[in-house]
Amino acid sequence: MISFKNDYSEGAHNIILERIQKENSIQNIGYGEDEHCKKAAECIQKQLDCYDCDVHFLVGGTQTNLVMISHCLKPYQAVIAADSGHINVHETGAIEATGHKVIAMPSKEGKLDVQAVQKALDIHTDEHMVQPKMVYVSNPTEVGTLYTKKELESLSDFCKQHHLIFYLDGARMASALASKYNDITITDYSKLVDLLYLGGTKCGALFGEALVIFKRELNEDFRFSMKQKGAMLAKGWLLGIQFETLFEGELYQKTGEHANAMAEKIKNAIEQKGYSFQFTPCSNQLFPILPNTVLQKLEKEFLFTDWEKIDNNHTSVRIVTSWATKEENVQKLIKQIEQS
């Protein structure tokens, strides 16, 4: 079976594995205080063109979100997210388990807008309710769409006016940056958000996420929160060396370019057959609406995720490409789609 189920089925980019193997027998200081983590942070700061931000490395996405959100919020405060947002749907109530409510607001194409955030504020009016304090978005979104720079600027301005913390989850940031539909450069983020999560697990790393804190007061005692929540890796250098490799040159961008290029080929084949998409295809996640008879044929050779039943005869599925997706496997899928 050929998998298009996710973008973390494979291990890590060969360049990363080679670097880890080369450094494998060298002793390093623990808990992220090693030279690789230091160098990786510097590489990220350079690419962001922001040298007064703080960078931390964590193992996974849910861990990153729950540690950061619980660290920033007081016990009675809450985070606003799109109803399809990862922290609301796919993290098993991790945020709520830290004592913080996720205020899920209706969204279009997986994107939160100022009107939705304002509505959340209007609903939560006094001390008998949780106090909204953070706005959470992801780019790409959970359904593969992208925020425009104008959309993020609008949210950013609103958050500043209302003293809300603005947190952007970039688990698939490499795909966002490389998308031909993207109009946001990596250097824009330091001006738009307070907190930025740069994904590694879904962008060519073996594992790991980089958390960038632009708002300095939010960094106070953050390592205490990391340790308390089990997020401080003893062999932290394994995280550092991966992000050092991804960000010292153009490897991070290239992982996104490859994933997007493979997705674009599949998208074109689907469109040529006259099938539509549930969400606008912008990145390495595609959500085509296909006849169930076609899906039955594809399922004999390919793995993907059933997303939503559209009607009795059609289903939306999620097809995901990665930094490691093979062209030959894409062509096999395209051939089956063309013959369906």
# chains A, B, ... in the order shown; residues from 1 in each chain; ligands from 1

call {"tool": "residues_around", "arguments": {"residues": "Glu151 (chain A)", "least_positions_apart": "6", "cutoff": "10 Å", "atoms": "only C-alpha atoms", "output": "list in words"}}
result
Lys111, Leu112, Asp113 and Val114 of chain A

call {"tool": "write_last_selection", "arguments": {"atoms": "N, CA and C atoms", "output": "PDB file, in the first residue's frame"}}
result
ATOM      1  N   LYS A 111     -10.339  29.069   8.618  1.00  0.00           N
ATOM      2  CA  LYS A 111      -9.667  30.302   9.039  1.00  0.00           C
ATOM      3  C   LYS A 111     -10.510  31.118  10.016  1.00  0.00           C
ATOM      4  N   LEU A 112      -9.844  31.612  11.025  1.00  0.00           N
ATOM      5  CA  LEU A 112     -10.471  32.498  12.004  1.00  0.00           C
ATOM      6  C   LEU A 112     -10.375  33.929  11.485  1.00  0.00           C
ATOM      7  N   ASP A 113     -11.397  34.731  11.730  1.00  0.00           N
ATOM      8  CA  ASP A 113     -11.326  36.135  11.332  1.00  0.00           C
ATOM      9  C   ASP A 113     -11.696  37.043  12.506  1.00  0.00           C
ATOM     10  N   VAL A 114     -11.538  38.342  12.302  1.00  0.00           N
ATOM     11  CA  VAL A 114     -11.775  39.324  13.367  1.00  0.00           C
ATOM     12  C   VAL A 114     -13.209  39.257  13.871  1.00  0.00           C
TER      13      VAL A 114
END

call {"tool": "residues_around", "arguments": {"residues": "region 188-193 of chain A", "least_positions_apart": "4", "cutoff": "10 Å", "atoms": "only C-alpha atoms", "output": "PyMOL selection string"}}
result
chain A and resi 45+48-50+53+135+149+152-157+159-160+165-168+183-184+212-215

call {"tool": "select_by_dssp", "arguments": {"residues": "region 128-336 of chain A", "states": "alpha helix (DSSP H)", "output": "PyMOL selection string"}}
result
chain A and resi 149-161+173-178+189-192+222-228+237-247+251-272+292-298+327-336

call {"tool": "atom_distance", "arguments": {"atom1": "CA of Asn313 (chain A)", "atom2": "CA of Ile270 (chain A)"}}
result
17.2 Å

call {"tool": "residues_around", "arguments": {"residues": "region 285-302 of chain A", "least_positions_apart": "4", "cutoff": "6 Å", "atoms": "only C-alpha atoms", "output": "PDB file with N, CA and C atoms, in the first residue's frame"}}
result
ATOM      1  N   MET A   1       0.834  -1.205   0.000  1.00  0.00           N
ATOM      2  CA  MET A   1       0.000   0.000   0.000  1.00  0.00           C
ATOM      3  C   MET A   1       0.871   1.258   0.000  1.00  0.00           C
ATOM      4  N   ILE A   2       0.464   2.231  -0.783  1.00  0.00           N
ATOM      5  CA  ILE A   2       1.168   3.511  -0.853  1.00  0.00           C
ATOM      6  C   ILE A   2       0.396   4.518  -0.021  1.00  0.00           C
ATOM      7  N   SER A   3       1.075   5.154   0.918  1.00  0.00           N
ATOM      8  CA  SER A   3       0.382   6.041   1.850  1.00  0.00           C
ATOM      9  C   SER A   3       0.429   7.511   1.441  1.00  0.00           C
ATOM     10  N   GLY A 144      -5.652  22.747   5.167  1.00  0.00           N
ATOM     11  CA  GLY A 144      -4.714  23.014   4.082  1.00  0.00           C
ATOM     12  C   GLY A 144      -4.793  24.378   3.443  1.00  0.00           C
ATOM     13  N   SER A 276     -14.294  18.203  -7.712  1.00  0.00           N
ATOM     14  CA  SER A 276     -14.091  19.435  -6.967  1.00  0.00           C
ATOM     15  C   SER A 276     -13.417  19.158  -5.626  1.00  0.00           C
ATOM     16  N   PHE A 277     -13.152  20.233  -4.890  1.00  0.00           N
ATOM     17  CA  PHE A 277     -12.494  20.129  -3.591  1.00  0.00           C
ATOM     18  C   PHE A 277     -13.384  20.743  -2.509  1.00  0.00           C
ATOM     19  N   GLN A 278     -13.348  20.154  -1.333  1.00  0.00           N
ATOM     20  CA  GLN A 278     -14.120  20.692  -0.212  1.00  0.00           C
ATOM     21  C   GLN A 278     -13.520  22.002   0.280  1.00  0.00           C
ATOM     22  N   PRO A 281      -7.445  24.118  -2.463  1.00  0.00           N
ATOM     23  CA  PRO A 281      -6.114  23.508  -2.342  1.00  0.00           C
ATOM     24  C   PRO A 281      -5.014  24.560  -2.453  1.00  0.00           C
ATOM     25  N   ASN A 313     -23.385   9.394  -2.147  1.00  0.00           N
ATOM     26  CA  ASN A 313     -22.528   8.877  -3.216  1.00  0.00           C
ATOM     27  C   ASN A 313     -21.136   9.494  -3.261  1.00  0.00           C
ATOM     28  N   HIS A 314     -20.892  10.506  -2.437  1.00  0.00           N
ATOM     29  CA  HIS A 314     -19.612  11.212  -2.495  1.00  0.00           C
ATOM     30  C   HIS A 314     -19.023  11.417  -1.106  1.00  0.00           C
ATOM     31  N   THR A 315     -17.686  11.347  -1.033  1.00  0.00           N
ATOM     32  CA  THR A 315     -16.972  11.537   0.224  1.00  0.00           C
ATOM     33  C   THR A 315     -15.774  12.445  -0.007  1.00  0.00           C
ATOM     34  N   SER A 316     -15.550  13.345   0.936  1.00  0.00           N
ATOM     35  CA  SER A 316     -14.329  14.154   0.920  1.00  0.00           C
ATOM     36  C   SER A 316     -13.230  13.368   1.626  1.00  0.00           C
ATOM     37  N   VAL A 317     -12.072  13.270   0.979  1.00  0.00           N
ATOM     38  CA  VAL A 317     -10.940  12.567   1.583  1.00  0.00           C
ATOM     39  C   VAL A 317      -9.757  13.519   1.706  1.00  0.00           C
ATOM     40  N   ARG A 318      -8.846  13.202   2.614  1.00  0.00           N
ATOM     41  CA  ARG A 318      -7.631  13.997   2.751  1.00  0.00           C
ATOM     42  C   ARG A 318      -6.465  13.229   2.160  1.00  0.00           C
ATOM     43  N   ILE A 319      -5.809  13.858   1.197  1.00  0.00           N
ATOM     44  CA  ILE A 319      -4.597  13.312   0.572  1.00  0.00           C
ATOM     45  C   ILE A 319      -3.451  14.235   0.944  1.00  0.00           C
ATOM     46  N   VAL A 320      -2.397  13.681   1.541  1.00  0.00           N
ATOM     47  CA  VAL A 320      -1.281  14.495   2.026  1.00  0.00           C
ATOM     48  C   VAL A 320       0.027  14.025   1.394  1.00  0.00           C
ATOM     49  N   SER A 340     -10.281   6.146 -13.476  1.00  0.00           N
ATOM     50  CA  SER A 340     -11.507   5.930 -12.679  1.00  0.00           C
ATOM     51  C   SER A 340     -12.745   6.465 -13.397  1.00  0.00           C
TER      52      SER A 340
END

call {"tool": "atom_distance", "arguments": {"atom1": "CA of Ile310 (chain A)", "atom2": "CA of Glu271 (chain A)"}}
result
17.8 Å

call {"tool": "closest_atom_pairs", "arguments": {"of": "region 60-173 of chain A", "to": "region 253-256 of chain A", "cutoff": "12 Å", "atoms": "only C-alpha atoms", "output": "tab-separated table"}}
result
residue	atom	partner	partner_atom	distance
A:Pro140	CA	A:Gly256	CA	11.5
A:Ala171	CA	A:Gly256	CA	11.6
A:Arg172	CA	A:Gly256	CA	8.2
A:Met173	CA	A:Gly256	CA	7.9

call {"tool": "select_by_dssp", "arguments": {"residues": "region 56-297 of chain A", "states": "strand (DSSP E)", "output": "MDAnalysis selection string"}}
result
chainID A and resid 56:58 77:82 102:105 131:138 165:170 195:199 209:213 276:277 285:286 288:291

call {"tool": "write_last_selection", "arguments": {"atoms": "N, CA and C atoms", "output": "compact mmCIF listing (two decimals), in the first residue's frame"}}
result
# COMPACT_ATOMS: atom_id res chain seq x y z
N HIS A 56 12.84 27.92 21.62
CA HIS A 56 12.87 26.69 22.41
C HIS A 56 12.53 25.51 21.51
N PHE A 57 13.06 24.34 21.85
CA PHE A 57 12.81 23.15 21.04
C PHE A 57 12.08 22.10 21.85
N LEU A 58 10.96 21.61 21.29
CA LEU A 58 10.15 20.60 21.94
C LEU A 58 9.96 19.42 20.99
N GLN A 77 -8.35 31.95 32.32
CA GLN A 77 -8.33 32.47 30.96
C GLN A 77 -8.45 31.35 29.91
N ALA A 78 -8.85 31.75 28.70
CA ALA A 78 -9.14 30.79 27.63
C ALA A 78 -8.51 31.23 26.32
N VAL A 79 -8.48 30.29 25.37
CA VAL A 79 -7.92 30.56 24.05
C VAL A 79 -9.00 30.41 23.00
N ILE A 80 -9.04 31.35 22.06
CA ILE A 80 -10.01 31.32 20.96
C ILE A 80 -9.38 30.65 19.75
N ALA A 81 -10.12 29.73 19.14
CA ALA A 81 -9.62 29.02 17.96
C ALA A 81 -10.76 28.77 16.99
N ALA A 82 -10.41 28.48 15.74
CA ALA A 82 -11.41 28.05 14.77
C ALA A 82 -11.97 26.71 15.21
N VAL A 102 -10.96 25.91 25.47
CA VAL A 102 -10.82 26.34 24.08
C VAL A 102 -12.18 26.85 23.63
N ILE A 103 -12.22 28.13 23.25
CA ILE A 103 -13.45 28.73 22.74
C ILE A 103 -13.44 28.54 21.22
N ALA A 104 -14.21 27.57 20.75
CA ALA A 104 -14.21 27.22 19.33
C ALA A 104 -15.25 28.06 18.59
N MET A 105 -14.81 28.78 17.57
CA MET A 105 -15.70 29.65 16.81
C MET A 105 -15.86 29.13 15.38
N GLN A 131 -12.22 34.06 30.69
CA GLN A 131 -11.79 35.31 30.05
C GLN A 131 -10.94 34.99 28.82
N PRO A 132 -11.41 35.34 27.62
CA PRO A 132 -10.60 35.11 26.41
C PRO A 132 -9.32 35.94 26.49
N LYS A 133 -8.18 35.29 26.30
CA LYS A 133 -6.91 36.01 26.40
C LYS A 133 -5.96 35.71 25.25
N MET A 134 -6.18 34.62 24.54
CA MET A 134 -5.29 34.25 23.45
C MET A 134 -6.10 33.90 22.21
N VAL A 135 -5.52 34.22 21.05
CA VAL A 135 -6.08 33.81 19.76
C VAL A 135 -5.10 32.84 19.11
N TYR A 136 -5.61 31.67 18.75
CA TYR A 136 -4.80 30.61 18.14
C TYR A 136 -5.23 30.40 16.70
N VAL A 137 -4.25 30.45 15.78
CA VAL A 137 -4.49 30.11 14.38
C VAL A 137 -3.36 29.20 13.92
N SER A 138 -3.60 28.49 12.83
CA SER A 138 -2.53 27.69 12.23
C SER A 138 -2.39 28.06 10.77
N ILE A 165 -3.13 37.73 23.32
CA ILE A 165 -1.91 37.08 22.84
C ILE A 165 -2.22 36.39 21.52
N PHE A 166 -1.38 36.60 20.52
CA PHE A 166 -1.61 36.03 19.19
C PHE A 166 -0.58 34.92 18.94
N TYR A 167 -1.09 33.69 18.81
CA TYR A 167 -0.23 32.50 18.69
C TYR A 167 -0.50 31.81 17.35
N LEU A 168 0.55 31.59 16.58
CA LEU A 168 0.41 30.93 15.28
C LEU A 168 1.12 29.58 15.28
N ASP A 169 0.35 28.54 15.01
CA ASP A 169 0.83 27.17 14.91
C ASP A 169 1.25 26.92 13.46
N GLY A 170 2.55 26.70 13.27
CA GLY A 170 3.07 26.44 11.93
C GLY A 170 3.62 25.03 11.82
N LEU A 195 3.71 34.71 19.30
CA LEU A 195 4.29 33.37 19.44
C LEU A 195 4.20 32.64 18.11
N LEU A 196 5.26 31.96 17.73
CA LEU A 196 5.29 31.24 16.46
C LEU A 196 5.87 29.85 16.67
N TYR A 197 5.16 28.87 16.19
CA TYR A 197 5.63 27.48 16.26
C TYR A 197 6.02 27.05 14.85
N LEU A 198 7.30 26.72 14.66
CA LEU A 198 7.82 26.25 13.38
C LEU A 198 7.94 24.73 13.43
N GLY A 199 7.13 24.06 12.63
CA GLY A 199 7.10 22.61 12.67
C GLY A 199 8.33 21.95 12.08
N GLU A 209 9.77 20.33 17.23
CA GLU A 209 9.13 21.59 16.87
C GLU A 209 9.94 22.73 17.49
N ALA A 210 10.00 23.85 16.81
CA ALA A 210 10.70 25.02 17.32
C ALA A 210 9.67 26.08 17.71
N LEU A 211 9.74 26.53 18.94
CA LEU A 211 8.81 27.54 19.44
C LEU A 211 9.54 28.86 19.57
N VAL A 212 9.05 29.87 18.87
CA VAL A 212 9.66 31.20 18.88
C VAL A 212 8.78 32.15 19.66
N ILE A 213 9.35 32.78 20.68
CA ILE A 213 8.60 33.72 21.52
C ILE A 213 9.10 35.13 21.21
N SER A 276 -14.29 18.20 -7.71
CA SER A 276 -14.09 19.44 -6.97
C SER A 276 -13.42 19.16 -5.63
N PHE A 277 -13.15 20.23 -4.89
CA PHE A 277 -12.49 20.13 -3.59
C PHE A 277 -13.38 20.74 -2.51
N GLN A 285 -1.85 19.54 1.62
CA GLN A 285 -3.05 18.80 2.00
C GLN A 285 -4.16 19.08 0.99
N LEU A 286 -4.72 18.01 0.42
CA LEU A 286 -5.79 18.13 -0.56
C LEU A 286 -7.04 17.44 -0.02
N PRO A 288 -10.16 16.43 -1.90
CA PRO A 288 -11.06 16.25 -3.05
C PRO A 288 -12.35 15.55 -2.65
N ILE A 289 -13.42 15.88 -3.35
CA ILE A 289 -14.71 15.20 -3.18
C ILE A 289 -14.83 14.19 -4.31
N LEU A 290 -14.80 12.92 -3.96
CA LEU A 290 -14.75 11.87 -4.97
C LEU A 290 -15.95 10.93 -4.85
N PRO A 291 -16.38 10.36 -5.97
CA PRO A 291 -17.45 9.36 -5.92
C PRO A 291 -17.00 8.16 -5.08

call {"tool": "atom_distance", "arguments": {"atom1": "CA of Asn28 (chain A)", "atom2": "CA of Cys203 (chain A)"}}
result
24.8 Å

call {"tool": "closest_residue", "arguments": {"among": "A:Lys332, A:Lys5, A:Lys235, A:Lys38", "to": "Ile20 (chain A)", "atoms": "only C-alpha atoms"}}
result
A:Lys235

call {"tool": "closest_residue", "arguments": {"among": "A:Lys74, A:Lys180, A:Lys273, A:Lys150", "to": "Val130 (chain A)", "atoms": "only C-alpha atoms"}}
result
A:Lys74

call {"tool": "closest_residue", "arguments": {"among": "A:Gly11, A:Gly32, A:Gly208, A:Pro75", "to": "Glu96 (chain A)", "atoms": "only C-alpha atoms"}}
result
A:Pro75

call {"tool": "residues_around", "arguments": {"residues": "Ser322 (chain A)", "least_positions_apart": "6", "cutoff": "12 Å", "atoms": "only C-alpha atoms", "output": "JSON, numbers by chain"}}
result
{"A": [3, 4, 5, 6, 7, 8, 9, 10, 11, 12, 13, 172, 174, 175, 200, 201, 202, 203, 204, 205, 254, 255, 256, 257, 258, 259, 260, 261, 262, 263, 264, 283, 284, 285, 286, 329, 330]}

call {"tool": "residues_around", "arguments": {"residues": "Asn65 (chain A)", "least_positions_apart": "2", "cutoff": "9 Å", "atoms": "only C-alpha atoms", "output": "ChimeraX atom specification"}}
result
/A:60-63,67-70,87,94-95,169,197
